[in-house]
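Participant: What follows is a single structure, and I will ask about it in a moment.
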Number of protein chains: 2
Amino acid sequence: MSDAISPLAPKNYPSMPALEDVTIATAMAGIKARGRTDLLVMTFPAGTAVAGVFTKSKCPSAAVDYCRQNLPGGQARVLVVNAGNANAFTGKKGREATGITARAAADAAGCGTGDVYLASTGVIGEPLNAAAFAPLVSQMVKTANVDNWSAAARAIMTTDTHPKMATARVVIDGAAVTINGIAKGSGMIAPDMATMLSFIVTDAPVSASVLQDMIAKGVGKSFNAITVDSDTSTSDTVLVFATGTARKKNVRDITDIRDRRLGKLRRAFNRLLKELAMLVVRDGEGARKLVEVAVTGAKSSRSAKKIALSVANSPLFKTAIAGEDANWGRVVMAVGKAGEPADRDRLSISFGDHLVAQNGERSGDYSEQKVSEYMKRDEIKVGIDMGMGPGRATVWTCDLTKEYVAINGDYRS
Amino acid sequence: MSDAISPLAPKNYPSMPALEDVTIATAMAGIKARGRTDLLVMTFPAGTAVAGVFTKSKCPSAAVDYCRQNLPGGQARVLVVNAGNANAFTGKKGREATGITARAAADAAGCGTGDVYLASTGVIGEPLNAAAFAPLVSQMVKTANVDNWSAAARAIMTTDTHPKMATARVVIDGAAVTINGIAKGSGMIAPDMATMLSFIVTDAPVSASVLQDMIAKGVGKSFNAITVDSDTSTSDTVLVFATGTARKKNVRDITDIRDRRLGKLRRAFNRLLKELAMLVVRDGEGARKLVEVAVTGAKSSRSAKKIALSVANSPLFKTAIAGEDANWGRVVMAVGKAGEPADRDRLSISFGDHLVAQNGERSGDYSEQKVSEYMKRDEIKVGIDMGMGPGRATVWTCDLTKEYVAINGDYRS
C-alpha cells in the first residue's frame, strides 16, 4: 500500500449528496491493515431493484458467486463490502464466510439473505474470518446513516491512493433524480469485464431488467475500456441499485428499455461510469501518466478495440511512455501483434497533434524535439489510424513505472 | 543497452566447432552504437538448403518480407544480419535497403539475390542506410573465415547482455554431423512465433522441405514456449541452413520426413533449439530469475499452453516473483483470466516441491517460511494441475523487475 497520492489524482472530490433511505456505515474491522476503515455496509429501502456485471474469471471469488446466485431475484436491501481479503480461492470456507456475513446482514435488516449483496477485495487465498466481523455488520446495519458517501468510497480502497466517487443529476418527469457512484481499483485491472469494485445507487424508479440493460451496455465504453496491467481480478463487481424513492416526486417507473425517458438517464449514467473508470485508471499502480489510445479506420469496432488494447497492454509501449520516449515503433509492434487486419503501408500514428508516422514510414513532418516536449505531459493521447475501414475504439491506460514493480513486488508481505 | 551481464547468464560458453565451407565475418558498421560489432555476414557452399519461420506480426520488417519471398527457392549462399536498426516500418526505403544489401552480397558471392537471406534487429521506424554499409558487406563476403562463431553470436546482440550459442553432434551413417546455432533476444519476446533472431547451420545433407518440417515442429517447445514480456517483435526470424558437406563423410541425403535417420537428428536439433531459447529467456531484460510454468491436467495441450502463457505473461505474477513473494493468489488470478476450462475446486498449485494450494484452497501442508525460502532461488518452478484432463504444457519466462522498466524507459534515447 502506497502512502503517496497519485500525481494524476483529481484536485477535488465531488460533494456527494445523500440519497433518501440509503444508509451507509463504515468500520475498522482489522481485516488486514490496522488504522483504516475496511468494512462498508449500505442499506436500501424495500423495493430497491438491483443489477450487476462481474468478472469473467474462471476462478471467481465466493462473493461473486454469491451475488450471481442472488441476482435473478432483482431485489436488494443490504450491501456488505470488505477490503483486505478477496475471499477468493478459499473453497468451502469461502462459501461459509459469505453465508455468515449474509445471515448477519439479513437478520439485522429484517430481510432474506437473497436480498443481501457482498463484495470482497484484497489478498487472494487467505481464509476470510467472517465470524469475527459479523457482529460488527449487524451493528452497522442498525446505526448506518444517510450522509456518508465519502467514507464509503474510502472504506473499499486497497492499493488505491485516493477515494473514487462521482455523482450526477438528471431531471425526469419534472423532478431531479440523483445517481451516486463509488469505485475502487488500482492494479489487476483489465477491461475484459467490469473493474474491481463499483457500486452505483440512484433514487430513480428503474426496474431490475432495465438496470441490467443499462449496466451491461454501459461498461463497454467505461470499465471495459480501461486497463492498468492486463490482469483480470477474481473479484470484479459492478452493482447498480435503484431505490425508486423519486416516485415520491412523481417520477414514474421505468420498466421498459424503449421508455423514451431512459435516454437521458442512460447518458448521465454512462457519463458517471466513464468518470469512475477514469478515476480507476488515473490511480493505476505506480501511474505517472494517463494514456488514451484511440484507434480509427479499423475493419470493425471490435477489431479497433483489440488493437487499442494490444497497444495499451504492451509492457514495451507502457515503459516507453514512462520514459517520456515517443517510441512509436513500439506502437507499430503492438498493432502488428494484435492479429487483426492491418496494412503497414496505410498505417498512421500520432502523439497528440503530432503526426509521427504515415503510410508505413516516419512522417515527413516529424520533429523529435516537438514530440519529446509533448511526451513530458501528464496526459498523452496516441492516435492510430489503420486506413482500412470505419471501426473505431478508445481505451485508457497508464504508464508502467518502477513504482508498479515496487508496489507489486511486496504487496502480500 | 545494459553493461551488466545477466545474473542468469551461463557460466561458460560452449566451444563452437568450425563448419566446413561456412565462413563468417563481423564488423563495426556504426549502425547504431559505436565500439561494438553490429554486422554479420555468413556464407554457405553451393547447394545449401534453407528453411525458416518468422514473426506472426502483421507489420513485419522489410528483411522478414525479403526472406519470405526467397524461401520457396530453398537455397542459400549468404546471410547478412545487422543489429541496431530493425528496418521495420520503413516503407519503400526499407525495401530499397534490403535490395541494396542483397545485391552487394550476391555480387560478392557470385550468386543470385534469391540465395541471400537478411535479418535486421534494433530500433523500429528509423530508415536503414544500407548504402553506407553495402561496400563493407562485399568485402566481408570475400574475407570471411570459418572459425568465427563466437564473434557471430556477439555481432547480432542488441539489449542482450551475453552472446547466445549452442552446438550439438550426432552420428548418422557412421559419421559425426554438427549443428551450430546462435540467437539474440532479450526484450520484445513472446512465443507466438519464433523468437527475435536465431540462425542454425548443420553440415548434414537435409533437404529444404525436411528442414522446414524440423524447424516448424521444433519451435513449439523451444522458441514458441518462452516469453519475456508478451510483446511480439516485427523482426522475429529463425533460419536453418544445411550445407550437406557431411556427404563427403558418406552421410546420405535426408529428403523425406519418414527417413528413419531423421529421428536422431531431430532430437539433437530440438535440444539445441531449447538450449538457445532458454538462453534468450535467461537474458530477459532486467531478469533476475528464470521461471518455469508447468501446467498439467488441462482439458487439452492447447488449453494447457494458453493457461501457462497467461501465468507467464501476467505482470502481477512476474512482479511477485521479482519480490520473492510466493503469491499463489496471482497464479489463481492468471489461471482464471486465461478463459480456458478451469474448476477452482480441482486446482492445485505448487512452487518447487511445495504444494501451496489444493482443491480450491490453501494446502494444509502450506508453510509460508519454507516457500519463502524457496522463492529466493534463481530458478523457480511453478506447477499448476488443473485436475481436468490429459493436457500439459511448459513455458519459461523471467521476472519483471525495475530494471526492465529502466531498460525500456530509455532504450531509444
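Letters A, B, ... go to the chains of the C-alpha cells in the order shown; residues in each chain start at 1; ligands are counted from 1 in the same order.
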Please extract the residues of segment 150-265 of chain B with a backbone DSSP assignment of helix (DSSP H, G or I) and present them as an NGL selection string.

Facilitator: :B and (150-155 or 208-221 or 223-225 or 245-249 or 262-265)

Participant: Write a file of the just-selected residues containing C-alpha atoms, as a PDB file, in the first residue's frame.

Facilitator:
```
ATOM      1  CA  SER B 150      31.535 -16.657 -31.076  1.00  0.00           C
ATOM      2  CA  ALA B 151      32.071 -13.357 -32.907  1.00  0.00           C
ATOM      3  CA  ALA B 152      28.904 -14.059 -34.921  1.00  0.00           C
ATOM      4  CA  ALA B 153      26.858 -14.501 -31.744  1.00  0.00           C
ATOM      5  CA  ARG B 154      28.181 -11.179 -30.418  1.00  0.00           C
ATOM      6  CA  ALA B 155      27.587  -9.173 -33.593  1.00  0.00           C
ATOM      7  CA  ALA B 208      14.800 -27.767 -47.606  1.00  0.00           C
ATOM      8  CA  SER B 209      11.390 -29.416 -47.157  1.00  0.00           C
ATOM      9  CA  VAL B 210      12.630 -31.695 -44.365  1.00  0.00           C
ATOM     10  CA  LEU B 211      14.426 -28.760 -42.731  1.00  0.00           C
ATOM     11  CA  GLN B 212      11.184 -26.762 -42.870  1.00  0.00           C
ATOM     12  CA  ASP B 213       9.343 -29.600 -41.118  1.00  0.00           C
ATOM     13  CA  MET B 214      12.067 -29.782 -38.472  1.00  0.00           C
ATOM     14  CA  ILE B 215      12.008 -26.074 -37.667  1.00  0.00           C
ATOM     15  CA  ALA B 216       8.216 -25.667 -37.863  1.00  0.00           C
ATOM     16  CA  LYS B 217       7.724 -28.500 -35.369  1.00  0.00           C
ATOM     17  CA  GLY B 218      10.818 -27.659 -33.312  1.00  0.00           C
ATOM     18  CA  VAL B 219       9.844 -24.138 -32.295  1.00  0.00           C
ATOM     19  CA  GLY B 220       6.714 -25.328 -30.418  1.00  0.00           C
ATOM     20  CA  LYS B 221       8.594 -26.455 -27.335  1.00  0.00           C
ATOM     21  CA  PHE B 223      11.260 -20.527 -29.104  1.00  0.00           C
ATOM     22  CA  ASN B 224       7.473 -20.625 -29.029  1.00  0.00           C
ATOM     23  CA  ALA B 225       7.435 -21.672 -25.354  1.00  0.00           C
ATOM     24  CA  THR B 245      29.189 -31.151 -46.617  1.00  0.00           C
ATOM     25  CA  ALA B 246      28.846 -34.293 -44.454  1.00  0.00           C
ATOM     26  CA  ARG B 247      28.172 -36.071 -47.734  1.00  0.00           C
ATOM     27  CA  LYS B 248      31.939 -36.208 -48.042  1.00  0.00           C
ATOM     28  CA  LYS B 249      31.895 -38.489 -44.988  1.00  0.00           C
ATOM     29  CA  LEU B 262      15.823 -38.259 -39.053  1.00  0.00           C
ATOM     30  CA  GLY B 263      14.609 -39.056 -35.505  1.00  0.00           C
ATOM     31  CA  LYS B 264      18.083 -38.819 -34.040  1.00  0.00           C
ATOM     32  CA  LEU B 265      18.899 -35.612 -35.904  1.00  0.00           C
TER      33      LEU B 265
END
```

Participant: Within 6 Å of chain A, which residues belong to chain B? Use only C-alpha atoms and report them as a PDB file with N, CA and C atoms, in the first residue's frame.

Facilitator:
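Written out: iface17.pdb:
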```pdb
ATOM      1  N   SER B  57       3.697 -11.137 -36.686  1.00  0.00           N
ATOM      2  CA  SER B  57       3.280  -9.730 -36.699  1.00  0.00           C
ATOM      3  C   SER B  57       2.673  -9.363 -38.050  1.00  0.00           C
ATOM      4  N   LYS B  58       1.621  -8.532 -37.999  1.00  0.00           N
ATOM      5  CA  LYS B  58       1.013  -8.032 -39.229  1.00  0.00           C
ATOM      6  C   LYS B  58       1.818  -6.861 -39.793  1.00  0.00           C
ATOM      7  N   CYS B  59       2.814  -6.424 -39.076  1.00  0.00           N
ATOM      8  CA  CYS B  59       3.675  -5.326 -39.540  1.00  0.00           C
ATOM      9  C   CYS B  59       5.133  -5.788 -39.543  1.00  0.00           C
ATOM     10  N   PHE B  89       8.892  -0.924 -40.524  1.00  0.00           N
ATOM     11  CA  PHE B  89       8.059   0.261 -40.682  1.00  0.00           C
ATOM     12  C   PHE B  89       8.867   1.383 -41.327  1.00  0.00           C
ATOM     13  N   THR B  90       9.571   0.988 -42.359  1.00  0.00           N
ATOM     14  CA  THR B  90      10.412   1.943 -43.067  1.00  0.00           C
ATOM     15  C   THR B  90       9.965   2.062 -44.520  1.00  0.00           C
ATOM     16  N   GLY B  91       8.793   1.459 -44.820  1.00  0.00           N
ATOM     17  CA  GLY B  91       8.144   1.656 -46.117  1.00  0.00           C
ATOM     18  C   GLY B  91       9.021   1.314 -47.314  1.00  0.00           C
ATOM     19  N   ILE B 124      12.788   0.301 -34.359  1.00  0.00           N
ATOM     20  CA  ILE B 124      11.765   0.264 -35.404  1.00  0.00           C
ATOM     21  C   ILE B 124      11.516   1.686 -35.915  1.00  0.00           C
ATOM     22  N   GLY B 125      11.378   1.814 -37.223  1.00  0.00           N
ATOM     23  CA  GLY B 125      10.909   3.087 -37.775  1.00  0.00           C
ATOM     24  C   GLY B 125      11.996   4.021 -38.295  1.00  0.00           C
ATOM     25  N   THR B 232       5.420  -8.983 -29.193  1.00  0.00           N
ATOM     26  CA  THR B 232       5.827  -9.711 -30.378  1.00  0.00           C
ATOM     27  C   THR B 232       6.626  -8.807 -31.298  1.00  0.00           C
ATOM     28  N   THR B 234       8.597  -7.342 -34.632  1.00  0.00           N
ATOM     29  CA  THR B 234       8.330  -7.227 -36.073  1.00  0.00           C
ATOM     30  C   THR B 234       9.363  -7.987 -36.886  1.00  0.00           C
ATOM     31  N   THR B 319       5.912  -9.651 -11.176  1.00  0.00           N
ATOM     32  CA  THR B 319       6.448  -8.732 -10.158  1.00  0.00           C
ATOM     33  C   THR B 319       6.510  -9.441  -8.806  1.00  0.00           C
ATOM     34  N   ALA B 320       5.569 -10.341  -8.536  1.00  0.00           N
ATOM     35  CA  ALA B 320       5.624 -11.105  -7.277  1.00  0.00           C
ATOM     36  C   ALA B 320       6.887 -11.971  -7.240  1.00  0.00           C
ATOM     37  N   GLY B 323       9.740  -9.963  -6.413  1.00  0.00           N
ATOM     38  CA  GLY B 323       9.738  -9.632  -4.995  1.00  0.00           C
ATOM     39  C   GLY B 323       9.930 -10.848  -4.097  1.00  0.00           C
ATOM     40  N   GLY B 329      -1.915 -16.573  -5.079  1.00  0.00           N
ATOM     41  CA  GLY B 329      -3.215 -15.975  -5.428  1.00  0.00           C
ATOM     42  C   GLY B 329      -3.167 -15.390  -6.829  1.00  0.00           C
ATOM     43  N   MET B 333      -5.399 -16.065 -10.123  1.00  0.00           N
ATOM     44  CA  MET B 333      -5.929 -14.976 -10.940  1.00  0.00           C
ATOM     45  C   MET B 333      -5.613 -15.212 -12.409  1.00  0.00           C
ATOM     46  N   GLY B 336      -7.454 -18.021 -13.909  1.00  0.00           N
ATOM     47  CA  GLY B 336      -8.854 -17.605 -14.092  1.00  0.00           C
ATOM     48  C   GLY B 336      -9.057 -16.725 -15.297  1.00  0.00           C
ATOM     49  N   LYS B 337      -8.072 -15.886 -15.613  1.00  0.00           N
ATOM     50  CA  LYS B 337      -8.271 -14.949 -16.729  1.00  0.00           C
ATOM     51  C   LYS B 337      -7.953 -15.562 -18.087  1.00  0.00           C
ATOM     52  N   ARG B 344     -12.158 -24.251 -10.137  1.00  0.00           N
ATOM     53  CA  ARG B 344     -11.470 -23.765  -8.949  1.00  0.00           C
ATOM     54  C   ARG B 344     -11.260 -24.863  -7.925  1.00  0.00           C
ATOM     55  N   GLY B 360      -8.922 -26.032  -4.550  1.00  0.00           N
ATOM     56  CA  GLY B 360      -9.584 -24.733  -4.413  1.00  0.00           C
ATOM     57  C   GLY B 360      -9.308 -23.981  -3.139  1.00  0.00           C
ATOM     58  N   GLU B 361      -8.347 -24.444  -2.347  1.00  0.00           N
ATOM     59  CA  GLU B 361      -7.984 -23.625  -1.190  1.00  0.00           C
ATOM     60  C   GLU B 361      -6.547 -23.877  -0.773  1.00  0.00           C
ATOM     61  N   LYS B 402      12.374  -3.778 -11.754  1.00  0.00           N
ATOM     62  CA  LYS B 402      12.547  -2.343 -12.020  1.00  0.00           C
ATOM     63  C   LYS B 402      13.536  -2.114 -13.154  1.00  0.00           C
ATOM     64  N   VAL B 405      11.903  -1.935 -16.518  1.00  0.00           N
ATOM     65  CA  VAL B 405      11.316  -0.607 -16.756  1.00  0.00           C
ATOM     66  C   VAL B 405      12.421   0.385 -17.113  1.00  0.00           C
ATOM     67  N   ASN B 408      13.751  -0.211 -20.663  1.00  0.00           N
ATOM     68  CA  ASN B 408      12.813   0.114 -21.732  1.00  0.00           C
ATOM     69  C   ASN B 408      12.286   1.527 -21.681  1.00  0.00           C
ATOM     70  N   GLY B 409      12.526   2.213 -20.554  1.00  0.00           N
ATOM     71  CA  GLY B 409      12.103   3.609 -20.461  1.00  0.00           C
ATOM     72  C   GLY B 409      13.055   4.520 -21.223  1.00  0.00           C
ATOM     73  N   ASP B 410      14.252   4.065 -21.483  1.00  0.00           N
ATOM     74  CA  ASP B 410      15.179   4.957 -22.199  1.00  0.00           C
ATOM     75  C   ASP B 410      15.986   4.215 -23.251  1.00  0.00           C
TER      76      ASP B 410
END
```

Participant: As a list in words, please: the residues near segment 37-49 of chain B (cut-off 6 Å, only C-alpha atoms, same-chain neighbours under 4 positions excluded).

Facilitator: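 Near neighbours after the sequence-gap exclusion: Asp21, Val22, Thr23, Ile24, Ala25, Thr26, Ala27, Met28, Gly74, Gln75, Ala76, Arg77, Val78, Leu79, Val80, Val81, Asn82, Ala83, Ala155, Ser207, Ala208, Phe241, Ala242 and Thr243 of chain B.
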
Participant: Please provide as JSON, numbers by chain all residues within 10 Å of Phe133 of chain B, with the sequence filter that same-chain residues fewer than 3 positions apart are discarded (counting only C-alpha atoms).

Facilitator: {"B": [27, 28, 29, 30, 31, 39, 82, 100, 101, 104, 128, 129, 130, 136, 137, 138]}

Participant: Write out as a list in words each polymer residue whose atoms come within 8 Å of Ala108 of chain A, counting only C-alpha atoms; drop sequence neighbours fewer than 6 positions from it.

Facilitator: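 The neighbour list is Ser138, Gln139, Val141 and Lys142 of chain A.
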
Participant: Apply DSSP to the structure's backbone, then extract all residues of segment 160-211 of chain A labelled strand (DSSP E or B) and return them as a list in words.

Facilitator: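 Those in segment 160-211 of chain A that DSSP calls strand (DSSP E or B) are Lys164, Met165, Ala166, Thr167, Ala168, Arg169, Val170, Val171, Ile172, Ala175, Ala176, Val177, Thr178, Ile179, Asn180, Gly181, Ile182, Ala183, Lys184, Leu197, Ser198, Phe199, Ile200, Val201, Thr202 and Val206 of chain A.
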
Participant: For the residues in that selection, give me C-alpha atoms as an mmCIF file, in the first residue's frame.

Facilitator:
```cif
data_model
loop_
_atom_site.group_PDB
_atom_site.id
_atom_site.type_symbol
_atom_site.label_atom_id
_atom_site.label_comp_id
_atom_site.auth_asym_id
_atom_site.auth_seq_id
_atom_site.Cartn_x
_atom_site.Cartn_y
_atom_site.Cartn_z
ATOM 1 C CA LYS A 164 -13.172 7.393 -6.164
ATOM 2 C CA MET A 165 -16.651 8.846 -6.296
ATOM 3 C CA ALA A 166 -18.927 10.627 -8.714
ATOM 4 C CA THR A 167 -22.452 11.992 -8.725
ATOM 5 C CA ALA A 168 -24.923 13.064 -11.396
ATOM 6 C CA ARG A 169 -28.369 14.672 -11.538
ATOM 7 C CA VAL A 170 -30.974 14.292 -14.241
ATOM 8 C CA VAL A 171 -34.450 15.776 -14.484
ATOM 9 C CA ILE A 172 -37.105 13.185 -15.293
ATOM 10 C CA ALA A 175 -38.141 16.171 -10.904
ATOM 11 C CA ALA A 176 -34.420 15.795 -10.221
ATOM 12 C CA VAL A 177 -33.147 12.255 -9.747
ATOM 13 C CA THR A 178 -29.659 11.517 -8.452
ATOM 14 C CA ILE A 179 -27.040 8.877 -9.303
ATOM 15 C CA ASN A 180 -24.168 8.341 -6.864
ATOM 16 C CA GLY A 181 -21.275 6.004 -7.556
ATOM 17 C CA ILE A 182 -18.117 4.855 -5.841
ATOM 18 C CA ALA A 183 -15.344 2.627 -7.136
ATOM 19 C CA LYS A 184 -12.061 1.072 -6.098
ATOM 20 C CA LEU A 197 -15.455 -2.923 -7.494
ATOM 21 C CA SER A 198 -18.004 -0.227 -8.159
ATOM 22 C CA PHE A 199 -21.364 0.470 -6.545
ATOM 23 C CA ILE A 200 -23.857 2.868 -8.032
ATOM 24 C CA VAL A 201 -27.128 3.942 -6.463
ATOM 25 C CA THR A 202 -29.938 6.015 -7.916
ATOM 26 C CA VAL A 206 -35.896 1.747 -12.646
#
```

Participant: If you count only C-alpha atoms, which residues fall within 9 Å of Leu290 of chain B, apart from same-chain ones fewer than 2 positions away, as a VMD selection string?

Facilitator: chain B and resid 8 278 281 to 282 284 287 to 288 292 378 to 381 396 to 399

Participant: Now that the selection is made, can you save its residues with C-alpha atoms as an mmCIF file, in the first residue's frame?

Facilitator:
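And here is the file that came out, again_5.cif:
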```
data_model
loop_
_atom_site.group_PDB
_atom_site.id
_atom_site.type_symbol
_atom_site.label_atom_id
_atom_site.label_comp_id
_atom_site.auth_asym_id
_atom_site.auth_seq_id
_atom_site.Cartn_x
_atom_site.Cartn_y
_atom_site.Cartn_z
ATOM 1 C CA LEU B 8 21.275 -15.905 -15.048
ATOM 2 C CA MET B 278 16.498 -20.859 -22.660
ATOM 3 C CA VAL B 281 14.742 -16.104 -21.612
ATOM 4 C CA ARG B 282 17.616 -16.164 -19.124
ATOM 5 C CA GLY B 284 15.257 -11.373 -20.493
ATOM 6 C CA ALA B 287 15.674 -10.671 -15.427
ATOM 7 C CA ARG B 288 16.888 -11.864 -12.052
ATOM 8 C CA GLU B 292 9.260 -22.445 -15.406
ATOM 9 C CA ASP B 378 17.488 -18.063 -9.073
ATOM 10 C CA GLU B 379 15.278 -20.655 -10.761
ATOM 11 C CA ILE B 380 11.651 -21.047 -9.763
ATOM 12 C CA LYS B 381 9.313 -23.812 -10.880
ATOM 13 C CA TRP B 396 9.578 -20.380 -19.466
ATOM 14 C CA THR B 397 9.716 -16.760 -18.524
ATOM 15 C CA CYS B 398 11.587 -14.389 -16.238
ATOM 16 C CA ASP B 399 10.597 -11.989 -13.502
#
```

Participant: Just give me the gap between atom CA of Val53 of chain A and atom CA of Arg271 of chain A in Å, one decimal is fine.

Facilitator: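 If I compute the distance from atom CA of Val53 of chain A to atom CA of Arg271 of chain A, I get 17.5 Å.
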